[in-house]
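Read through the structure below, which is laid out as structure tokens, and then see the notes.
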Amino acid sequence: MTLTFLGIESSCDDSAAAVVRTAVAGGVPRILSSVVAGQTGLHAAFGGIVPEIAARAHAETLDHCVEAALTDADVGLRDLDGIAVTAGPGLIGGVMAGVMLAKGLAAGTGLPLVGVNHLAGHALTPRLTDAVAFPYLMLLVSGGHCQFLLVQGPDAFTRLGGTIDDAPGEAFDKVAKLLGLGQPGGPAVEAEAAHGDPTRVPLPRPLLDRAGCDLSFSGLKTAVLRARDTAVVRAGGLTRADRADICASFQAAVAEVLAEKTRRALEAAPVPLLTVAGGVAANATIRAALAAQADTAGVRFLAPPLALCTDNGAIIAWAGIERFRLGQRDGMDLAARPRWPLDQGAAPMLGTGKRGAKA
Ligand code: KG4
Ligand code: ZN
């Protein structure tokens with residue numbers, strides 16, 4: 001006996017659909033297909049994601065993604081056991097495009113509809129890739145999100161801390177812009193940092209003086225702006241060496257802060273596994289800092305493959321299966337939600353950011 005789900009994702013700037021199959025008895029699930037259509041080109045001229053353009057592109061692209069995902073998986077709609085869709089949090093126009101498509105498919109086929117919290121999709125990814133057991137600690141670090149989650153069940157999340165302003169990916173993107181590097185900023189800054197000196201430019205380590213696991217990246221970005229201006233005044237322009245040193249110093253500051261807050265999170269929630277998700281998890285320096293922290297604490301470290309760390313339909317299909325197994329379904333009244341904290345008991349975080357709500 002198997003369960004096969006279609007997953008639809010459209011909460012930010014990736015239109016995505018995937019088919020995931022799992023044995024009812026358990027074991028590692030199989031991703032039968034995963035199609036992701038990015039929108040980087042559409043937003044490039046605007047220096048950030050334009051929600052209206054994103055929503056329109058999702059509405060135009062999603063059904064093609066679904067068709068391609070079914071074809072790649074070699075399954076028809078009648079082979080599915082359910083349809084999972086991101087119902088929030090995110091840019092509302094995009095979320096609505098996905099929810100409407102999923103409702104149409106569910107109404108037309110009679111298949112169960114399961115609305116998924118996008119953050120749950122990320123938080124449950126290690127169970128999709130490695131069938132890990134609960135509980136574990138998840139550090140979600142992307143362009144729109146930054147939080148420590150204690151994951152105790154498919155529907156049981158405790159937020160131990162998160163950013164009070166920018167997400168780290170957002171900070172990488174802004175720093176890249178300040179230094180004249182391309183977007184997305186993360187990979188560009190990391191490439192520059194590779195030949196820079198991480199100790200040369202003194203930068204703050206925000207919120208290390210405050211107890212707990214909350215983080216802040218907006219002051220770090222402002223400090224980079226000042227460091228750039230100082231370098232420009234001194235040399236009459238930004239030299240390649242200065243740019244590389246600023247990138248390396250910024251990356252080192254982010255890695256150090258994330259590592260220290262991870263240490264505290266593991267202290268607060270001593271679990272056997274530390275996992276990470278989100279585009280920033282691609283950063284080798286940050287990964288190494290987290291792995292070292294896990295090693296010191298004597299816990300296992302697991303980073304899913306990058307294609308599953310970033311937004312995709314497979315993590316949504318999987319989170320849908322997890323909810324479905326708990327007997328949870330949604331009706332035609334499923335709402336698209338711009339904000340939807342995973343941990344309903346936690347205090348709301350500040351800021352909504354360019355990529356939508358942070359929690
Ligand atoms: O998870 P993701 O693909 O999209 C969402 O934010 O939803 O993450 C994208 C973010 C961007 O801000 C990008 O600059 C950052 O992840 N990123 C990185 C790296 N690769 C991507 N940040 C630091 N180092 C990287 N190598
Ligand atoms: Zn995401």
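So you can find residues: chains in the structure tokens are A, B, ... in the order shown, residues in each start at 1, and ligands are numbered from 1 in order.
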
Practice task
List every residue of segment 103-279 of chain A that DSSP, applied to the backbone of this structure, places in strand (DSSP E or B), and write the result as an MDAnalysis selection string.
Solution key: chainID A and resid 113:117 136:141 146:153 156:163 215 273:277

Go ahead and dump the residues you just picked, N, CA, C and O atoms, as a compact mmCIF listing (two decimals), in the first residue's frame.
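Contents of selection-v1.txt, freshly written:
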# COMPACT_ATOMS: atom_id res chain seq x y z
N LEU A 113 -7.99 17.37 -0.32
CA LEU A 113 -7.18 18.57 -0.40
C LEU A 113 -6.53 18.80 0.97
O LEU A 113 -7.21 18.73 1.99
N VAL A 114 -5.22 19.04 0.97
CA VAL A 114 -4.54 19.28 2.24
C VAL A 114 -3.73 20.58 2.12
O VAL A 114 -2.79 20.66 1.32
N GLY A 115 -4.09 21.58 2.90
CA GLY A 115 -3.34 22.83 2.93
C GLY A 115 -2.11 22.67 3.82
O GLY A 115 -2.18 22.08 4.89
N VAL A 116 -0.98 23.20 3.34
CA VAL A 116 0.28 23.01 4.05
C VAL A 116 0.87 24.36 4.42
O VAL A 116 0.85 25.30 3.62
N ASN A 117 1.39 24.46 5.63
CA ASN A 117 2.17 25.61 6.04
C ASN A 117 3.55 25.47 5.39
O ASN A 117 4.24 24.46 5.57
N TYR A 136 13.68 16.77 16.62
CA TYR A 136 14.97 17.30 16.14
C TYR A 136 14.89 18.82 16.09
O TYR A 136 13.79 19.39 16.18
N LEU A 137 16.06 19.42 15.95
CA LEU A 137 16.13 20.89 15.88
C LEU A 137 16.34 21.29 14.43
O LEU A 137 17.19 20.71 13.75
N MET A 138 15.56 22.25 13.96
CA MET A 138 15.68 22.74 12.57
C MET A 138 16.05 24.21 12.59
O MET A 138 15.38 25.01 13.24
N LEU A 139 17.13 24.55 11.88
CA LEU A 139 17.45 25.96 11.66
C LEU A 139 17.05 26.29 10.23
O LEU A 139 17.63 25.76 9.27
N LEU A 140 16.04 27.11 10.11
CA LEU A 140 15.55 27.49 8.78
C LEU A 140 16.15 28.85 8.43
O LEU A 140 15.87 29.85 9.10
N VAL A 141 17.00 28.87 7.41
CA VAL A 141 17.68 30.12 7.03
C VAL A 141 17.56 30.34 5.53
O VAL A 141 18.25 29.70 4.73
N CYS A 146 14.00 32.97 9.03
CA CYS A 146 15.12 32.64 9.89
C CYS A 146 14.56 32.28 11.24
O CYS A 146 14.09 33.14 11.99
N GLN A 147 14.53 31.00 11.56
CA GLN A 147 14.05 30.60 12.88
C GLN A 147 14.59 29.24 13.30
O GLN A 147 14.94 28.42 12.47
N PHE A 148 14.68 29.09 14.63
CA PHE A 148 15.01 27.80 15.21
C PHE A 148 13.70 27.13 15.60
O PHE A 148 12.89 27.70 16.33
N LEU A 149 13.49 25.91 15.10
CA LEU A 149 12.26 25.18 15.42
C LEU A 149 12.60 23.86 16.07
O LEU A 149 13.44 23.10 15.55
N LEU A 150 11.96 23.60 17.19
CA LEU A 150 12.02 22.27 17.77
C LEU A 150 10.86 21.50 17.15
O LEU A 150 9.69 21.87 17.32
N VAL A 151 11.18 20.47 16.37
CA VAL A 151 10.15 19.72 15.63
C VAL A 151 9.84 18.45 16.41
O VAL A 151 10.70 17.57 16.53
N GLN A 152 8.63 18.37 16.94
CA GLN A 152 8.28 17.23 17.80
C GLN A 152 7.25 16.30 17.17
O GLN A 152 6.98 15.22 17.67
N GLY A 153 6.65 16.75 16.08
CA GLY A 153 5.64 15.95 15.38
C GLY A 153 5.26 16.68 14.12
O GLY A 153 5.62 17.85 13.96
N ALA A 156 3.59 19.61 15.42
CA ALA A 156 4.02 20.10 16.75
C ALA A 156 5.38 20.77 16.64
O ALA A 156 6.42 20.11 16.55
N PHE A 157 5.35 22.10 16.60
CA PHE A 157 6.57 22.88 16.43
C PHE A 157 6.68 23.91 17.55
O PHE A 157 5.70 24.56 17.88
N THR A 158 7.87 24.03 18.09
CA THR A 158 8.11 25.09 19.06
C THR A 158 9.20 25.99 18.51
O THR A 158 10.30 25.51 18.20
N ARG A 159 8.89 27.28 18.37
CA ARG A 159 9.91 28.21 17.90
C ARG A 159 10.76 28.66 19.08
O ARG A 159 10.26 29.23 20.03
N LEU A 160 12.06 28.39 18.99
CA LEU A 160 12.96 28.75 20.08
C LEU A 160 13.51 30.16 19.89
O LEU A 160 14.01 30.76 20.84
N GLY A 161 13.44 30.64 18.68
CA GLY A 161 13.94 31.99 18.41
C GLY A 161 13.90 32.25 16.92
O GLY A 161 13.67 31.33 16.12
N GLY A 162 14.11 33.51 16.55
CA GLY A 162 14.09 33.85 15.12
C GLY A 162 14.60 35.26 14.93
O GLY A 162 14.95 35.94 15.90
N THR A 163 14.63 35.70 13.68
CA THR A 163 15.14 37.05 13.43
C THR A 163 14.10 38.09 13.85
O THR A 163 12.90 37.86 13.72
N LEU A 215 17.70 36.49 16.62
CA LEU A 215 18.78 36.98 15.77
C LEU A 215 18.38 38.30 15.13
O LEU A 215 17.20 38.63 15.06
N LEU A 273 19.54 15.49 17.00
CA LEU A 273 19.77 15.84 15.59
C LEU A 273 19.59 17.32 15.35
O LEU A 273 18.59 17.92 15.75
N LEU A 274 20.57 17.93 14.65
CA LEU A 274 20.46 19.31 14.17
C LEU A 274 20.33 19.27 12.66
O LEU A 274 21.15 18.63 11.98
N THR A 275 19.30 19.93 12.13
CA THR A 275 19.12 19.97 10.68
C THR A 275 18.98 21.42 10.23
O THR A 275 18.73 22.32 11.04
N VAL A 276 19.14 21.62 8.92
CA VAL A 276 19.11 22.97 8.40
C VAL A 276 18.34 22.96 7.08
O VAL A 276 18.31 21.92 6.39
N ALA A 277 17.67 24.04 6.75
CA ALA A 277 16.99 24.17 5.45
C ALA A 277 16.99 25.63 5.04
O ALA A 277 17.23 26.51 5.86

* **Within 8 Å of Ser34 of chain A using only C-alpha atoms, minus same-chain residues under 3 positions, as a ChimeraX atom specification** => /A:16-19,31,69,312-314

task: Could you pull out the residues in segment 51-185 of chain A that DSSP calls alpha helix (DSSP H) from the backbone, as a PyMOL selection string?
output: chain A and resi 51-73+92-109+118-123+125-130+168-178+185

Got a sec: who's within 12 Å of Gly108 of chain A, counting only C-alpha atoms, leaving out chain neighbours fewer than 3 positions off, as a PyMOL selection string? chain A and resi 77-78+83+101-105+111-113+332

Selected residues written out, all heavy atoms, as an mmCIF file, in the first residue's frame:
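Below is the file that was written, out_15.cif:
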data_model
loop_
_atom_site.group_PDB
_atom_site.id
_atom_site.type_symbol
_atom_site.label_atom_id
_atom_site.label_comp_id
_atom_site.auth_asym_id
_atom_site.auth_seq_id
_atom_site.Cartn_x
_atom_site.Cartn_y
_atom_site.Cartn_z
ATOM 1 N N LEU A 77 -3.769 11.905 -12.757
ATOM 2 C CA LEU A 77 -4.467 12.419 -11.567
ATOM 3 C C LEU A 77 -5.146 11.280 -10.802
ATOM 4 O O LEU A 77 -5.224 11.290 -9.578
ATOM 5 C CB LEU A 77 -5.514 13.459 -11.988
ATOM 6 C CG LEU A 77 -4.977 14.845 -12.376
ATOM 7 C CD1 LEU A 77 -6.069 15.679 -13.015
ATOM 8 C CD2 LEU A 77 -4.384 15.551 -11.160
ATOM 9 N N ARG A 78 -5.611 10.239 -11.564
ATOM 10 C CA ARG A 78 -6.338 9.135 -10.905
ATOM 11 C C ARG A 78 -5.402 8.268 -10.049
ATOM 12 O O ARG A 78 -5.864 7.465 -9.234
ATOM 13 C CB ARG A 78 -7.072 8.289 -11.944
ATOM 14 C CG ARG A 78 -6.124 7.525 -12.830
ATOM 15 C CD ARG A 78 -6.751 6.874 -14.040
ATOM 16 N NE ARG A 78 -5.704 6.373 -14.916
ATOM 17 C CZ ARG A 78 -4.954 7.140 -15.685
ATOM 18 N NH1 ARG A 78 -5.153 8.441 -15.718
ATOM 19 N NH2 ARG A 78 -3.983 6.626 -16.420
ATOM 20 N N ILE A 83 -4.011 15.977 -2.845
ATOM 21 C CA ILE A 83 -3.361 17.167 -3.393
ATOM 22 C C ILE A 83 -2.991 18.088 -2.235
ATOM 23 O O ILE A 83 -3.855 18.493 -1.451
ATOM 24 C CB ILE A 83 -4.305 17.891 -4.376
ATOM 25 C CG1 ILE A 83 -4.543 16.975 -5.584
ATOM 26 C CG2 ILE A 83 -3.738 19.234 -4.808
ATOM 27 C CD1 ILE A 83 -5.652 17.409 -6.482
ATOM 28 N N LEU A 101 -5.686 26.756 -7.724
ATOM 29 C CA LEU A 101 -5.413 25.631 -8.625
ATOM 30 C C LEU A 101 -5.674 24.301 -7.912
ATOM 31 O O LEU A 101 -6.315 23.395 -8.460
ATOM 32 C CB LEU A 101 -3.960 25.693 -9.113
ATOM 33 C CG LEU A 101 -3.481 24.508 -9.955
ATOM 34 C CD1 LEU A 101 -4.306 24.379 -11.230
ATOM 35 C CD2 LEU A 101 -1.996 24.658 -10.305
ATOM 36 N N ALA A 102 -5.201 24.199 -6.681
ATOM 37 C CA ALA A 102 -5.377 22.952 -5.922
ATOM 38 C C ALA A 102 -6.852 22.678 -5.662
ATOM 39 O O ALA A 102 -7.307 21.519 -5.772
ATOM 40 C CB ALA A 102 -4.615 23.039 -4.597
ATOM 41 N N LYS A 103 -7.615 23.714 -5.357
ATOM 42 C CA LYS A 103 -9.061 23.529 -5.130
ATOM 43 C C LYS A 103 -9.739 23.042 -6.411
ATOM 44 O O LYS A 103 -10.592 22.152 -6.370
ATOM 45 C CB LYS A 103 -9.701 24.836 -4.678
ATOM 46 C CG LYS A 103 -9.463 25.163 -3.222
ATOM 47 C CD LYS A 103 -10.193 26.444 -2.854
ATOM 48 C CE LYS A 103 -9.928 26.824 -1.412
ATOM 49 N NZ LYS A 103 -10.513 28.125 -1.063
ATOM 50 N N GLY A 104 -9.352 23.624 -7.531
ATOM 51 C CA GLY A 104 -9.939 23.216 -8.807
ATOM 52 C C GLY A 104 -9.657 21.756 -9.091
ATOM 53 O O GLY A 104 -10.547 20.990 -9.477
ATOM 54 N N LEU A 105 -8.403 21.342 -8.849
ATOM 55 C CA LEU A 105 -8.026 19.948 -9.096
ATOM 56 C C LEU A 105 -8.769 19.013 -8.142
ATOM 57 O O LEU A 105 -9.245 17.945 -8.537
ATOM 58 C CB LEU A 105 -6.509 19.765 -8.917
ATOM 59 C CG LEU A 105 -5.636 20.355 -10.038
ATOM 60 C CD1 LEU A 105 -4.163 20.333 -9.635
ATOM 61 C CD2 LEU A 105 -5.843 19.574 -11.334
ATOM 62 N N LEU A 111 -10.388 14.251 -5.162
ATOM 63 C CA LEU A 111 -9.270 13.884 -4.276
ATOM 64 C C LEU A 111 -9.259 14.765 -3.026
ATOM 65 O O LEU A 111 -9.678 15.926 -3.079
ATOM 66 C CB LEU A 111 -7.934 14.056 -5.014
ATOM 67 C CG LEU A 111 -7.621 13.019 -6.090
ATOM 68 C CD1 LEU A 111 -6.449 13.482 -6.949
ATOM 69 C CD2 LEU A 111 -7.297 11.660 -5.443
ATOM 70 N N PRO A 112 -8.752 14.233 -1.903
ATOM 71 C CA PRO A 112 -8.620 15.066 -0.699
ATOM 72 C C PRO A 112 -7.668 16.235 -0.932
ATOM 73 O O PRO A 112 -6.666 16.095 -1.641
ATOM 74 C CB PRO A 112 -8.023 14.102 0.338
ATOM 75 C CG PRO A 112 -8.218 12.744 -0.197
ATOM 76 C CD PRO A 112 -8.290 12.855 -1.694
ATOM 77 N N LEU A 113 -7.995 17.366 -0.315
ATOM 78 C CA LEU A 113 -7.179 18.574 -0.396
ATOM 79 C C LEU A 113 -6.529 18.799 0.971
ATOM 80 O O LEU A 113 -7.213 18.732 1.990
ATOM 81 C CB LEU A 113 -8.091 19.757 -0.742
ATOM 82 C CG LEU A 113 -7.497 21.161 -0.703
ATOM 83 C CD1 LEU A 113 -6.507 21.354 -1.854
ATOM 84 C CD2 LEU A 113 -8.607 22.217 -0.807
ATOM 85 N N MET A 332 -13.212 23.206 0.770
ATOM 86 C CA MET A 332 -13.158 24.293 -0.212
ATOM 87 C C MET A 332 -13.057 25.662 0.462
ATOM 88 O O MET A 332 -12.925 26.687 -0.199
ATOM 89 C CB MET A 332 -14.395 24.234 -1.124
ATOM 90 C CG MET A 332 -14.316 23.097 -2.118
ATOM 91 S SD MET A 332 -12.901 23.288 -3.241
ATOM 92 C CE MET A 332 -12.401 21.583 -3.425
#

Shell of 6 Å around Ser11 of chain A, only C-alpha atoms, local chain residues under 3 positions omitted, as a ChimeraX atom specification: /A:90-91,94-95

| Residue contacts of segment 183-196 of chain A (10 Å, only C-alpha atoms) excluding same-chain residues fewer than 5 positions away, as a VMD selection string | chain A and resid 40 44 47 to 48 142 to 143 168 to 177 240 to 252 279 to 280 282 to 285

_Show me which residues are within 10 Å of ligand 2 counting only C-alpha atoms and all ligand atoms, and format the list as an NGL selection string._
:A and (9-14 or 89-90 or 118-123 or 140-145 or 277-279 or 308-312 or 315 or 355)

re atom CA of Pro204 of chain A and atom CA of Asp165 of chain A: distance 15.4 Å

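From atom CA of His58 of chain A back to atom CA of Ala97 of chain A, the distance works out to 6.4 Å.
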
For Ala59 of chain A, list every protein, DNA or RNA residue within 9 Å, evaluated using only C-alpha atoms, and leave out those in the same chain fewer than 3 positions away; present the list as number ranges by chain. A: 15, 54-56, 62-63, 93-94, 96-98, 101

Can you write out the residues you just picked, keeping C-alpha atoms, as a PDB file, in the first residue's frame?
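Saved the output as again_35.pdb:
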ATOM      1  CA  SER A  15       6.351  28.072  -9.080  1.00  0.00           C
ATOM      2  CA  ALA A  54       5.178  37.085  -8.918  1.00  0.00           C
ATOM      3  CA  ALA A  55       1.452  36.407  -8.525  1.00  0.00           C
ATOM      4  CA  ARG A  56       0.774  36.781 -12.231  1.00  0.00           C
ATOM      5  CA  LEU A  62       1.611  26.628 -12.107  1.00  0.00           C
ATOM      6  CA  ASP A  63      -0.653  24.449 -14.237  1.00  0.00           C
ATOM      7  CA  GLY A  93      -1.214  36.708  -4.564  1.00  0.00           C
ATOM      8  CA  GLY A  94       1.077  33.756  -5.238  1.00  0.00           C
ATOM      9  CA  MET A  96      -3.862  32.353  -3.747  1.00  0.00           C
ATOM     10  CA  ALA A  97      -2.854  31.198  -7.224  1.00  0.00           C
ATOM     11  CA  GLY A  98      -1.681  27.868  -5.789  1.00  0.00           C
ATOM     12  CA  LEU A 101      -5.413  25.631  -8.625  1.00  0.00           C
TER      13      LEU A 101
END

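Distance-wise, atom CA of Gly327 of chain A and atom CA of Leu3 of chain A end up 13.3 Å apart.
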
Shell of 7 Å around segment 255-267 of chain A, only C-alpha atoms, local chain residues under 3 positions omitted, as a list in words: Leu160, Arg205, Leu208, Gly212, Cys213, Gln251, Ala252, Pro270, Val271, Thr285, Ile286, Ala289, Leu290 and Gln293 of chain A

| In terms of the shortest atom-to-atom distance over only C-alpha atoms, which of A:Leu306, A:Ile92, A:Val66, A:Ile164 is closest to Asp214 of chain A? |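 So, comparing all the options, the nearest one is A:Ile164.
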
(Q) Counting only C-alpha atoms, which residue out of A:Gly82, A:Ala253, A:Phe46, A:Val232 sits closest to Thr199 of chain A? (A)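 Comparing A:Gly82, A:Ala253, A:Phe46, A:Val232 against Thr199 of chain A, the winner is A:Ala253.
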
Closest of A:Ala231, A:Ala292, A:Leu6, A:Val254 to ligand 1, counting only C-alpha atoms and all ligand atoms, is A:Val254
